[in-house]
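J.: If it helps, the file is called input_11.cif and holds mmCIF, C-alpha atoms:
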```cif
data_work
loop_
_atom_site.group_PDB
_atom_site.id
_atom_site.type_symbol
_atom_site.label_atom_id
_atom_site.label_comp_id
_atom_site.auth_asym_id
_atom_site.auth_seq_id
_atom_site.Cartn_x
_atom_site.Cartn_y
_atom_site.Cartn_z
ATOM 1 C CA MET A 1 -4.532 1.430 10.902
ATOM 2 C CA SER A 2 -2.437 0.644 13.961
ATOM 3 C CA ARG A 3 1.180 -0.438 13.643
ATOM 4 C CA ARG A 4 0.449 -3.953 14.919
ATOM 5 C CA SER A 5 -2.496 -4.479 12.556
ATOM 6 C CA GLY A 6 -0.276 -3.302 9.714
ATOM 7 C CA ILE A 7 2.339 -5.899 10.653
ATOM 8 C CA LEU A 8 -0.341 -8.608 10.786
ATOM 9 C CA GLU A 9 -1.659 -7.677 7.336
ATOM 10 C CA PHE A 10 1.883 -7.777 5.962
ATOM 11 C CA ALA A 11 2.505 -11.233 7.455
ATOM 12 C CA VAL A 12 -0.819 -12.631 6.204
ATOM 13 C CA LEU A 13 -0.156 -11.414 2.667
ATOM 14 C CA GLY A 14 3.347 -12.896 2.793
ATOM 15 C CA LEU A 15 2.160 -16.310 3.938
ATOM 16 C CA LEU A 16 -0.650 -16.417 1.388
ATOM 17 C CA ARG A 17 1.812 -15.551 -1.341
ATOM 18 C CA GLU A 18 3.346 -18.960 -0.663
ATOM 19 C CA SER A 19 0.021 -20.818 -0.943
ATOM 20 C CA PRO A 20 -3.728 -20.385 -0.238
ATOM 21 C CA MET A 21 -4.773 -21.300 3.315
ATOM 22 C CA HIS A 22 -7.828 -21.286 5.530
ATOM 23 C CA GLY A 23 -7.953 -19.344 8.768
ATOM 24 C CA TYR A 24 -6.796 -22.156 11.040
ATOM 25 C CA GLU A 25 -3.750 -22.847 8.869
ATOM 26 C CA LEU A 26 -2.886 -19.146 8.817
ATOM 27 C CA ARG A 27 -3.156 -18.824 12.568
ATOM 28 C CA LYS A 28 -0.951 -21.891 13.042
ATOM 29 C CA ARG A 29 1.712 -20.560 10.662
ATOM 30 C CA LEU A 30 1.665 -17.148 12.329
ATOM 31 C CA ASN A 31 2.076 -18.764 15.744
ATOM 32 C CA THR A 32 4.836 -21.181 14.807
ATOM 33 C CA SER A 33 6.788 -19.306 12.127
ATOM 34 C CA LEU A 34 6.579 -15.700 13.322
ATOM 35 C CA GLY A 35 7.370 -15.258 17.006
ATOM 36 C CA VAL A 36 5.808 -11.784 17.164
ATOM 37 C CA PHE A 37 2.378 -13.438 16.731
ATOM 38 C CA ARG A 38 2.676 -16.093 19.426
ATOM 39 C CA ALA A 39 -0.257 -14.654 21.360
ATOM 40 C CA PHE A 40 -3.158 -13.509 19.203
ATOM 41 C CA SER A 41 -6.679 -14.791 18.607
ATOM 42 C CA TYR A 42 -9.123 -15.492 15.824
ATOM 43 C CA GLY A 43 -10.815 -12.293 16.967
ATOM 44 C CA THR A 44 -7.723 -10.474 15.689
ATOM 45 C CA LEU A 45 -7.089 -12.533 12.556
ATOM 46 C CA TYR A 46 -10.548 -12.599 10.992
ATOM 47 C CA PRO A 47 -11.148 -8.828 11.011
ATOM 48 C CA CYS A 48 -7.744 -8.541 9.319
ATOM 49 C CA LEU A 49 -8.764 -11.086 6.670
ATOM 50 C CA LYS A 50 -12.062 -9.288 6.118
ATOM 51 C CA THR A 51 -10.224 -6.000 5.559
ATOM 52 C CA LEU A 52 -7.851 -7.601 3.067
ATOM 53 C CA VAL A 53 -10.795 -9.115 1.178
ATOM 54 C CA THR A 54 -12.594 -5.752 1.133
ATOM 55 C CA ASN A 55 -9.452 -4.109 -0.263
ATOM 56 C CA GLY A 56 -9.345 -6.655 -3.071
ATOM 57 C CA TRP A 57 -6.063 -8.182 -1.947
ATOM 58 C CA LEU A 58 -7.596 -11.561 -1.015
ATOM 59 C CA ILE A 59 -10.513 -13.618 -2.272
ATOM 60 C CA GLU A 60 -12.505 -16.210 -0.358
ATOM 61 C CA GLU A 61 -13.035 -19.653 -1.855
ATOM 62 C CA PRO A 62 -14.880 -22.691 -0.459
ATOM 63 C CA GLY A 63 -12.671 -25.482 0.824
ATOM 64 C CA ASN A 64 -12.167 -28.121 -1.838
ATOM 65 C CA THR A 65 -10.942 -31.099 0.176
ATOM 66 C CA ARG A 66 -13.115 -34.173 0.719
ATOM 67 C CA GLU A 67 -13.166 -33.505 4.466
ATOM 68 C CA ASP A 68 -14.448 -29.974 3.908
ATOM 69 C CA ALA A 69 -17.124 -31.183 1.533
ATOM 70 C CA LEU A 70 -18.427 -33.732 4.031
ATOM 71 C CA ALA A 71 -18.213 -31.469 7.067
ATOM 72 C CA ALA A 72 -20.930 -29.003 6.084
ATOM 73 C CA PRO A 73 -23.966 -31.345 5.795
ATOM 74 C CA LEU A 74 -22.913 -33.440 8.785
ATOM 75 C CA THR A 75 -22.297 -30.600 11.218
ATOM 76 C CA GLY A 76 -24.627 -27.946 9.855
ATOM 77 C CA ARG A 77 -21.665 -25.634 9.410
ATOM 78 C CA ARG A 78 -20.414 -24.247 6.151
ATOM 79 C CA ALA A 79 -17.189 -25.597 4.683
ATOM 80 C CA LYS A 80 -13.963 -23.880 5.619
ATOM 81 C CA ILE A 81 -13.142 -20.749 3.665
ATOM 82 C CA VAL A 82 -9.815 -20.724 1.877
ATOM 83 C CA TYR A 83 -8.086 -17.377 1.374
ATOM 84 C CA ARG A 84 -6.168 -16.785 -1.843
ATOM 85 C CA LEU A 85 -3.923 -13.850 -2.765
ATOM 86 C CA THR A 86 -5.132 -11.835 -5.755
ATOM 87 C CA ALA A 87 -2.906 -10.235 -8.376
ATOM 88 C CA GLU A 88 -3.565 -6.887 -6.674
ATOM 89 C CA GLY A 89 -2.646 -8.437 -3.326
ATOM 90 C CA LYS A 90 0.616 -9.758 -4.686
ATOM 91 C CA GLU A 91 1.452 -6.343 -6.127
ATOM 92 C CA HIS A 92 0.610 -4.677 -2.807
ATOM 93 C CA PHE A 93 2.783 -7.138 -0.864
ATOM 94 C CA GLU A 94 5.710 -6.541 -3.201
ATOM 95 C CA GLU A 95 5.264 -2.807 -2.654
ATOM 96 C CA LEU A 96 5.371 -3.369 1.122
ATOM 97 C CA LEU A 97 8.513 -5.493 0.733
ATOM 98 C CA SER A 98 10.268 -2.623 -1.021
ATOM 99 C CA GLN A 99 9.633 -0.138 1.797
ATOM 100 C CA THR A 100 12.590 0.662 4.031
ATOM 101 C CA GLY A 101 11.230 3.443 6.227
ATOM 102 C CA PRO A 102 11.772 3.757 10.001
ATOM 103 C CA ASP A 103 8.953 1.313 10.844
ATOM 104 C CA ALA A 104 10.976 -1.487 9.234
ATOM 105 C CA TYR A 105 13.620 -1.087 11.958
ATOM 106 C CA GLU A 106 11.272 -1.398 14.955
ATOM 107 C CA ASP A 107 11.263 -4.605 16.996
ATOM 108 C CA GLU A 108 8.038 -6.322 15.874
ATOM 109 C CA HIS A 109 8.056 -5.006 12.322
ATOM 110 C CA PHE A 110 11.684 -5.974 11.802
ATOM 111 C CA ALA A 111 10.998 -9.537 12.959
ATOM 112 C CA ALA A 112 8.142 -9.839 10.451
ATOM 113 C CA ARG A 113 10.200 -8.262 7.662
ATOM 114 C CA PHE A 114 13.116 -10.583 8.379
ATOM 115 C CA ALA A 115 10.836 -13.636 8.127
ATOM 116 C CA PHE A 116 10.215 -12.717 4.479
ATOM 117 C CA PHE A 117 13.770 -11.760 3.541
ATOM 118 C CA GLY A 118 13.810 -14.720 1.156
ATOM 119 C CA GLN A 119 11.283 -12.814 -0.975
ATOM 120 C CA THR A 120 13.061 -9.462 -0.609
ATOM 121 C CA SER A 121 15.629 -7.970 -2.978
ATOM 122 C CA ARG A 122 19.213 -7.794 -1.770
ATOM 123 C CA ASP A 123 19.371 -3.995 -1.865
ATOM 124 C CA VAL A 124 16.274 -3.693 0.310
ATOM 125 C CA ARG A 125 17.600 -6.303 2.728
ATOM 126 C CA MET A 126 20.778 -4.267 3.119
ATOM 127 C CA ARG A 127 18.898 -1.040 3.832
ATOM 128 C CA VAL A 128 16.678 -2.723 6.418
ATOM 129 C CA LEU A 129 19.590 -4.461 8.135
ATOM 130 C CA GLU A 130 21.681 -1.294 8.268
ATOM 131 C CA GLY A 131 18.711 0.713 9.524
ATOM 132 C CA ARG A 132 18.025 -1.843 12.235
ATOM 133 C CA ARG A 133 21.676 -1.816 13.296
ATOM 134 C CA SER A 134 21.700 1.976 13.488
ATOM 135 C CA ARG A 135 18.525 1.946 15.584
ATOM 136 C CA LEU A 136 19.979 -0.576 18.024
ATOM 137 C CA GLU A 137 23.269 1.295 18.297
ATOM 138 C CA GLU A 138 21.316 4.400 19.287
ATOM 139 C CA ARG A 139 19.364 2.358 21.821
ATOM 140 C CA LEU A 140 22.541 0.862 23.219
ATOM 141 C CA GLU A 141 24.098 4.302 23.670
ATOM 142 C CA LYS A 142 21.051 5.484 25.612
ATOM 143 C CA MET A 143 21.104 2.379 27.797
ATOM 144 C CA ARG A 144 24.774 2.889 28.623
ATOM 145 C CA ALA A 145 24.236 6.546 29.456
ATOM 146 C CA SER A 146 21.260 5.700 31.673
ATOM 147 C CA LEU A 147 23.204 2.980 33.470
ATOM 148 C CA ALA A 148 26.112 5.344 34.115
ATOM 149 C CA ARG A 149 23.733 7.892 35.673
ATOM 150 C CA THR A 150 21.815 5.470 37.869
ATOM 151 C CA ARG A 151 24.376 2.776 38.708
ATOM 152 C CA GLU A 152 24.945 3.962 42.278
ATOM 153 C CA ARG A 153 21.203 3.997 43.035
ATOM 154 C CA LEU A 154 20.437 0.495 41.754
ATOM 155 C CA ASP A 155 20.408 -2.675 43.833
ATOM 156 C CA ASP A 156 22.334 -5.698 42.595
ATOM 157 C CA TYR A 157 19.362 -7.388 40.916
ATOM 158 C CA THR A 158 18.174 -4.308 39.054
ATOM 159 C CA LEU A 159 21.728 -3.631 37.960
ATOM 160 C CA GLU A 160 22.057 -7.191 36.678
ATOM 161 C CA LEU A 161 18.793 -6.807 34.754
ATOM 162 C CA GLN A 162 20.110 -3.654 33.106
ATOM 163 C CA ARG A 163 23.305 -5.445 32.130
ATOM 164 C CA HIS A 164 21.316 -8.343 30.711
ATOM 165 C CA GLY A 165 19.320 -5.929 28.556
ATOM 166 C CA MET A 166 22.480 -4.336 27.227
ATOM 167 C CA GLU A 167 24.000 -7.726 26.445
ATOM 168 C CA SER A 168 20.876 -8.671 24.457
ATOM 169 C CA VAL A 169 21.161 -5.543 22.332
ATOM 170 C CA GLU A 170 24.923 -6.018 21.879
ATOM 171 C CA ARG A 171 24.333 -9.616 20.781
ATOM 172 C CA GLU A 172 21.826 -8.554 18.138
ATOM 173 C CA VAL A 173 24.175 -5.841 16.856
ATOM 174 C CA ARG A 174 26.911 -8.465 16.398
ATOM 175 C CA TRP A 175 24.444 -10.725 14.602
ATOM 176 C CA LEU A 176 23.407 -7.868 12.310
ATOM 177 C CA ASN A 177 27.053 -7.141 11.543
ATOM 178 C CA GLU A 178 27.481 -10.750 10.433
ATOM 179 C CA LEU A 179 24.380 -10.580 8.233
ATOM 180 C CA ILE A 180 25.468 -7.321 6.635
ATOM 181 C CA GLU A 181 28.947 -8.649 5.903
ATOM 182 C CA SER A 182 27.434 -11.810 4.384
ATOM 183 C CA GLU A 183 25.159 -9.747 2.153
ATOM 184 C CA ARG A 184 28.086 -7.600 1.008
ATOM 185 C CA ALA A 185 30.287 -10.604 0.356
ATOM 186 C CA GLY A 186 27.546 -12.293 -1.648
ATOM 187 C CA ARG A 187 27.043 -9.230 -3.814
ATOM 188 C CA ASP A 188 30.786 -8.805 -4.442
ATOM 189 C CA LEU A 189 31.090 -12.468 -5.427
ATOM 190 C CA LYS A 190 28.296 -12.157 -7.980
ATOM 191 C CA ARG A 191 29.775 -9.015 -9.451
ATOM 192 C CA SER A 192 33.194 -10.574 -9.829
ATOM 193 C CA GLU A 193 31.684 -13.527 -11.721
ATOM 194 C CA SER A 194 29.617 -11.554 -14.208
ATOM 195 C CA GLY A 195 28.195 -8.060 -14.449
ATOM 196 C CA GLU A 196 24.968 -9.433 -15.856
ATOM 197 C CA SER A 197 24.478 -12.055 -13.175
ATOM 198 C CA ALA A 198 25.275 -9.446 -10.519
ATOM 199 C CA GLN A 199 22.459 -7.241 -11.781
ATOM 200 C CA GLN A 200 20.047 -10.183 -11.621
ATOM 201 C CA ASP A 201 21.182 -11.087 -8.125
ATOM 202 C CA THR A 202 20.332 -7.663 -6.705
ATOM 203 C CA THR A 203 16.705 -8.086 -7.768
ATOM 204 C CA THR A 204 16.101 -11.588 -6.485
ATOM 205 C CA GLY A 205 15.243 -12.884 -3.045
ATOM 206 C CA SER A 206 18.122 -15.281 -2.701
ATOM 207 C CA ALA A 207 19.337 -15.205 0.879
ATOM 208 C CA GLY A 208 22.808 -16.477 0.065
ATOM 209 C CA GLY A 209 25.089 -17.868 2.735
ATOM 210 C CA LEU A 210 23.645 -16.044 5.693
ATOM 211 C CA PRO A 211 24.789 -16.844 9.215
ATOM 212 C CA ARG A 212 22.176 -18.682 11.218
ATOM 213 C CA PRO A 213 20.288 -16.346 13.580
ATOM 214 C CA ARG A 214 20.702 -17.149 17.247
ATOM 215 C CA ASP A 215 17.636 -15.196 18.347
ATOM 216 C CA LEU A 216 14.556 -13.958 16.529
ATOM 217 C CA PRO A 217 15.233 -10.220 16.202
ATOM 218 C CA GLY A 218 13.143 -7.988 18.350
ATOM 219 C CA THR A 219 11.371 -10.612 20.450
ATOM 220 C CA ASP A 220 13.365 -10.223 23.651
ATOM 221 C CA THR A 221 15.128 -6.885 23.246
ATOM 222 C CA PRO A 222 14.166 -4.479 26.039
ATOM 223 C CA ASP A 223 12.801 -1.028 25.253
ATOM 224 C CA ASP A 224 15.401 1.666 25.772
ATOM 225 C CA THR A 225 12.874 3.702 27.719
ATOM 226 C CA ALA A 226 12.554 1.062 30.418
ATOM 227 C CA THR A 227 15.513 2.241 32.435
#
```
For the structure just supplied, provide its representation as structure tokens.
T.:
Amino acid sequence: MSRRSGILEFAVLGLLRESPMHGYELRKRLNTSLGVFRAFSYGTLYPCLKTLVTNGWLIEEPGNTREDALAAPLTGRRAKIVYRLTAEGKEHFEELLSQTGPDAYEDEHFAARFAFFGQTSRDVRMRVLEGRRSRLEERLEKMRASLARTRERLDDYTLELQRHGMESVEREVRWLNELIESERAGRDLKRSESGESAQQDTTTGSAGGLPRPRDLPGTDTPDDTAT
């Protein structure tokens, strides 16, 4: 399974955990809610759905709205299929949410993971945020070193593009710092109120008073190899 198909499966399971949907609704939510899926087709989505059904993580049900019931005999097409998350699918999604390996820090995967932070435990959120920050700090160091080596050979426009890329990474690092501090402050507040409530808070998906993101992480950050 490719990295991008894995991200798509994760996002589909997460959206269906909220409520059952048919394919058109899923595609719309992926396009509007998750920026990393702005450009993808039904030819990508439906094979993903078929795989998830085969794995037992989704089931297909006939559409149950009045419009769906009338559409089939009038158009000769079958009613829309609604996809519902199974108990096994919910368990699998929760397992994916708990993972904090290196893939969770990459641009596209991080954006998808962040979209479901409301369903993620606080401890996992912290590990993902800190891992993402570390990855970007490494990228920023490489970009600075590359710029120092090539500055004299670059024309003004290429140099400005390099600076713009660095500023984008620096901006996301600052944003991550704010998120991490908010997570830490929220945890400390809970612990000071009650040891029992603090333990409950670390296992829930409450986002707390997070700063509002100014950019969707990973959607416009340049690759550190493009220097």
J.: What separation in Å, quoted to one decimal, exists between CA of Thr86 (chain A) and CA of Asp123 (chain A)?
T.: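 If I compute the distance from CA of Thr86 (chain A) to CA of Asp123 (chain A), I get 26.0 Å.
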J.: Within 10 Å of region 44-60 of chain A, counting only C-alpha atoms, which residues show up once you throw out same-chain ones fewer than 3 positions away? Write them as a short mmCIF file (atom, residue, chain, number, x, y, z; two decimals) with C-alpha atoms, in the frame of the given file, please.
T.:
```
data_model
loop_
_atom_site.label_atom_id
_atom_site.label_comp_id
_atom_site.auth_asym_id
_atom_site.auth_seq_id
_atom_site.Cartn_x
_atom_site.Cartn_y
_atom_site.Cartn_z
CA SER A 5 -2.50 -4.48 12.56
CA GLY A 6 -0.28 -3.30 9.71
CA LEU A 8 -0.34 -8.61 10.79
CA GLU A 9 -1.66 -7.68 7.34
CA VAL A 12 -0.82 -12.63 6.20
CA LEU A 13 -0.16 -11.41 2.67
CA LEU A 16 -0.65 -16.42 1.39
CA PRO A 20 -3.73 -20.39 -0.24
CA MET A 21 -4.77 -21.30 3.32
CA HIS A 22 -7.83 -21.29 5.53
CA GLY A 23 -7.95 -19.34 8.77
CA TYR A 24 -6.80 -22.16 11.04
CA LEU A 26 -2.89 -19.15 8.82
CA ARG A 27 -3.16 -18.82 12.57
CA LEU A 30 1.66 -17.15 12.33
CA PHE A 40 -3.16 -13.51 19.20
CA SER A 41 -6.68 -14.79 18.61
CA GLY A 63 -12.67 -25.48 0.82
CA LYS A 80 -13.96 -23.88 5.62
CA ILE A 81 -13.14 -20.75 3.66
CA VAL A 82 -9.82 -20.72 1.88
CA TYR A 83 -8.09 -17.38 1.37
CA ARG A 84 -6.17 -16.78 -1.84
CA LEU A 85 -3.92 -13.85 -2.76
CA THR A 86 -5.13 -11.84 -5.76
CA ALA A 87 -2.91 -10.24 -8.38
CA GLU A 88 -3.56 -6.89 -6.67
CA GLY A 89 -2.65 -8.44 -3.33
CA LYS A 90 0.62 -9.76 -4.69
CA GLU A 91 1.45 -6.34 -6.13
CA HIS A 92 0.61 -4.68 -2.81
CA PHE A 93 2.78 -7.14 -0.86
#
```
J.: Rank nothing, just name the residue among A:Leu96, A:Met126, A:Met166, A:Arg135 nearest to Ala112 (chain A), using all atoms listed in the file.
T.: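 Of the candidates, the smallest distance to Ala112 (chain A) is held by A:Leu96.
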J.: Name the closest residue to Phe10 (chain A) among the candidates A:Arg139, A:Arg113, A:Arg29, A:Arg133; distances are taken between atoms, counting all atoms listed in the file.
T.: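 So, comparing all the options, the nearest one is A:Arg113.
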J.: Separation of CA of Arg127 (chain A) and CA of Arg184 (chain A), in Å?
T.: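 Going from CA of Arg127 (chain A) over to CA of Arg184 (chain A), I get 11.6 Å.
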J.: With all atoms listed in the file as the basis for distance, which of A:Glu61, A:Glu108, A:Asp155, A:Glu94 is at the shortest distance from Leu34 (chain A)?
T.: A:Glu108
J.: So how far away is CA of Glu181 (chain A) from CA of Ala11 (chain A), in Å?
T.: 26.6 Å
J.: For region 21-25 of chain A, what centre and edge lengths in Å (one decimal) does the axis-aligned box get once 5 Å is added on each side of all its listed atoms, as lines of an AutoDock Vina configuration file?
T.:
```
center_x = -5.9
center_y = -21.1
center_z = 7.2
size_x = 14.2
size_y = 13.5
size_z = 17.7
```
J.: Which one of A:Asn31, A:Glu25, A:Met143, A:Gly43 sits closest to His164 (chain A) if you count only C-alpha atoms?
T.: A:Met143
J.: Looking at all atoms listed in the file, which of A:Thr32, A:Ser19, A:Ser98, A:Ser168 is the one that sits closest to Leu136 (chain A)?
T.: A:Ser168
J.: Smallest atom-to-atom distance to Arg122 (chain A): which of A:Pro102, A:Gly14, A:Gly186, A:Pro62, using all atoms listed in the file?
T.: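 Of A:Pro102, A:Gly14, A:Gly186, A:Pro62, the one nearest Arg122 (chain A) is A:Gly186, counting all atoms listed in the file.
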J.: Can you take region 54-160 of chain A from the block and write C-alpha atoms as a compact mmCIF listing (two decimals), in the first residue's frame?
T.:
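Okay, part_22.txt is ready:
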```txt
# COMPACT_ATOMS: atom_id res chain seq x y z
CA THR A 54 -13.02 -6.30 1.67
CA ASN A 55 -11.02 -5.85 4.88
CA GLY A 56 -14.23 -5.80 6.90
CA TRP A 57 -13.78 -2.22 8.06
CA LEU A 58 -16.79 -0.88 6.12
CA ILE A 59 -20.13 -2.30 5.03
CA GLU A 60 -22.26 -1.20 2.10
CA GLU A 61 -25.93 -0.41 2.64
CA PRO A 62 -28.59 0.77 0.17
CA GLY A 63 -29.53 4.43 0.43
CA ASN A 64 -32.61 4.87 2.58
CA THR A 65 -33.79 8.35 1.63
CA ARG A 66 -36.95 8.90 -0.41
CA GLU A 67 -34.90 10.41 -3.24
CA ASP A 68 -32.69 7.32 -3.39
CA ALA A 69 -35.68 5.02 -3.41
CA LEU A 70 -37.28 6.85 -6.33
CA ALA A 71 -34.09 7.28 -8.33
CA ALA A 72 -33.48 3.62 -9.17
CA PRO A 73 -36.71 2.78 -11.08
CA LEU A 74 -36.83 6.15 -12.82
CA THR A 75 -33.24 6.22 -14.06
CA GLY A 76 -32.49 2.52 -14.34
CA ARG A 77 -29.62 2.97 -11.92
CA ARG A 78 -29.31 1.36 -8.54
CA ALA A 79 -29.79 3.48 -5.43
CA LYS A 80 -26.75 5.13 -3.93
CA ILE A 81 -24.64 2.94 -1.69
CA VAL A 82 -24.07 4.21 1.82
CA TYR A 83 -20.83 3.23 3.57
CA ARG A 84 -20.91 2.53 7.29
CA LEU A 85 -17.99 1.91 9.66
CA THR A 86 -18.00 -1.52 11.29
CA ALA A 87 -16.89 -2.28 14.83
CA GLU A 88 -13.67 -3.70 13.36
CA GLY A 89 -13.24 -0.53 11.30
CA LYS A 90 -13.64 1.65 14.35
CA GLU A 91 -11.07 -0.42 16.23
CA HIS A 92 -8.67 -0.21 13.29
CA PHE A 93 -9.08 3.57 13.04
CA GLU A 94 -8.41 3.98 16.75
CA GLU A 95 -5.27 1.89 16.32
CA LEU A 96 -4.16 4.20 13.48
CA LEU A 97 -4.87 7.25 15.66
CA SER A 98 -2.53 5.92 18.34
CA GLN A 99 0.43 5.56 15.97
CA THR A 100 3.14 8.20 16.25
CA GLY A 101 5.82 6.88 13.90
CA PRO A 102 7.82 8.98 11.41
CA ASP A 103 5.05 8.91 8.77
CA ALA A 104 2.85 10.98 11.10
CA TYR A 105 5.31 13.88 10.77
CA GLU A 106 5.37 14.03 6.96
CA ASP A 107 3.53 16.85 5.17
CA GLU A 108 0.42 15.10 3.81
CA HIS A 109 0.07 12.58 6.61
CA PHE A 110 0.45 15.24 9.29
CA ALA A 111 -2.30 17.35 7.71
CA ALA A 112 -4.66 14.36 7.74
CA ARG A 113 -3.70 13.42 11.30
CA PHE A 114 -4.21 16.99 12.48
CA ALA A 115 -7.72 17.05 10.97
CA PHE A 116 -8.68 14.28 13.40
CA PHE A 117 -6.91 15.61 16.48
CA GLY A 118 -10.32 16.06 18.10
CA GLN A 119 -10.57 12.26 18.22
CA THR A 120 -6.96 11.76 19.34
CA SER A 121 -5.70 11.41 22.91
CA ARG A 122 -3.69 14.29 24.32
CA ASP A 123 -0.52 12.24 24.77
CA VAL A 124 -0.57 11.14 21.14
CA ARG A 125 -1.24 14.69 19.97
CA MET A 126 1.82 15.85 21.88
CA ARG A 127 4.07 13.19 20.36
CA VAL A 128 2.87 13.98 16.84
CA LEU A 129 3.25 17.74 17.30
CA GLU A 130 6.73 17.42 18.78
CA GLY A 131 7.76 15.00 16.05
CA ARG A 132 6.48 17.34 13.36
CA ARG A 133 8.34 20.27 14.92
CA SER A 134 11.57 18.28 15.07
CA ARG A 135 11.18 17.28 11.42
CA LEU A 136 10.64 20.87 10.33
CA GLU A 137 13.56 22.14 12.39
CA GLU A 138 15.79 19.64 10.60
CA ARG A 139 14.38 20.78 7.26
CA LEU A 140 14.92 24.41 8.15
CA GLU A 141 18.56 23.76 9.07
CA LYS A 142 19.16 22.08 5.71
CA MET A 143 17.49 24.95 3.86
CA ARG A 144 19.66 27.51 5.65
CA ALA A 145 22.82 25.55 4.93
CA SER A 146 21.88 25.19 1.26
CA LEU A 147 21.10 28.89 0.96
CA ALA A 148 24.44 29.82 2.52
CA ARG A 149 26.27 27.64 -0.01
CA THR A 150 24.42 28.84 -3.10
CA ARG A 151 23.51 32.44 -2.27
CA GLU A 152 26.17 33.98 -4.52
CA ARG A 153 25.07 31.88 -7.52
CA LEU A 154 21.35 32.67 -7.30
CA ASP A 155 19.56 35.46 -9.12
CA ASP A 156 17.29 37.78 -7.15
CA TYR A 157 14.06 35.90 -7.93
CA THR A 158 15.40 32.46 -7.06
CA LEU A 159 16.88 33.87 -3.88
CA GLU A 160 13.54 35.41 -2.95
```
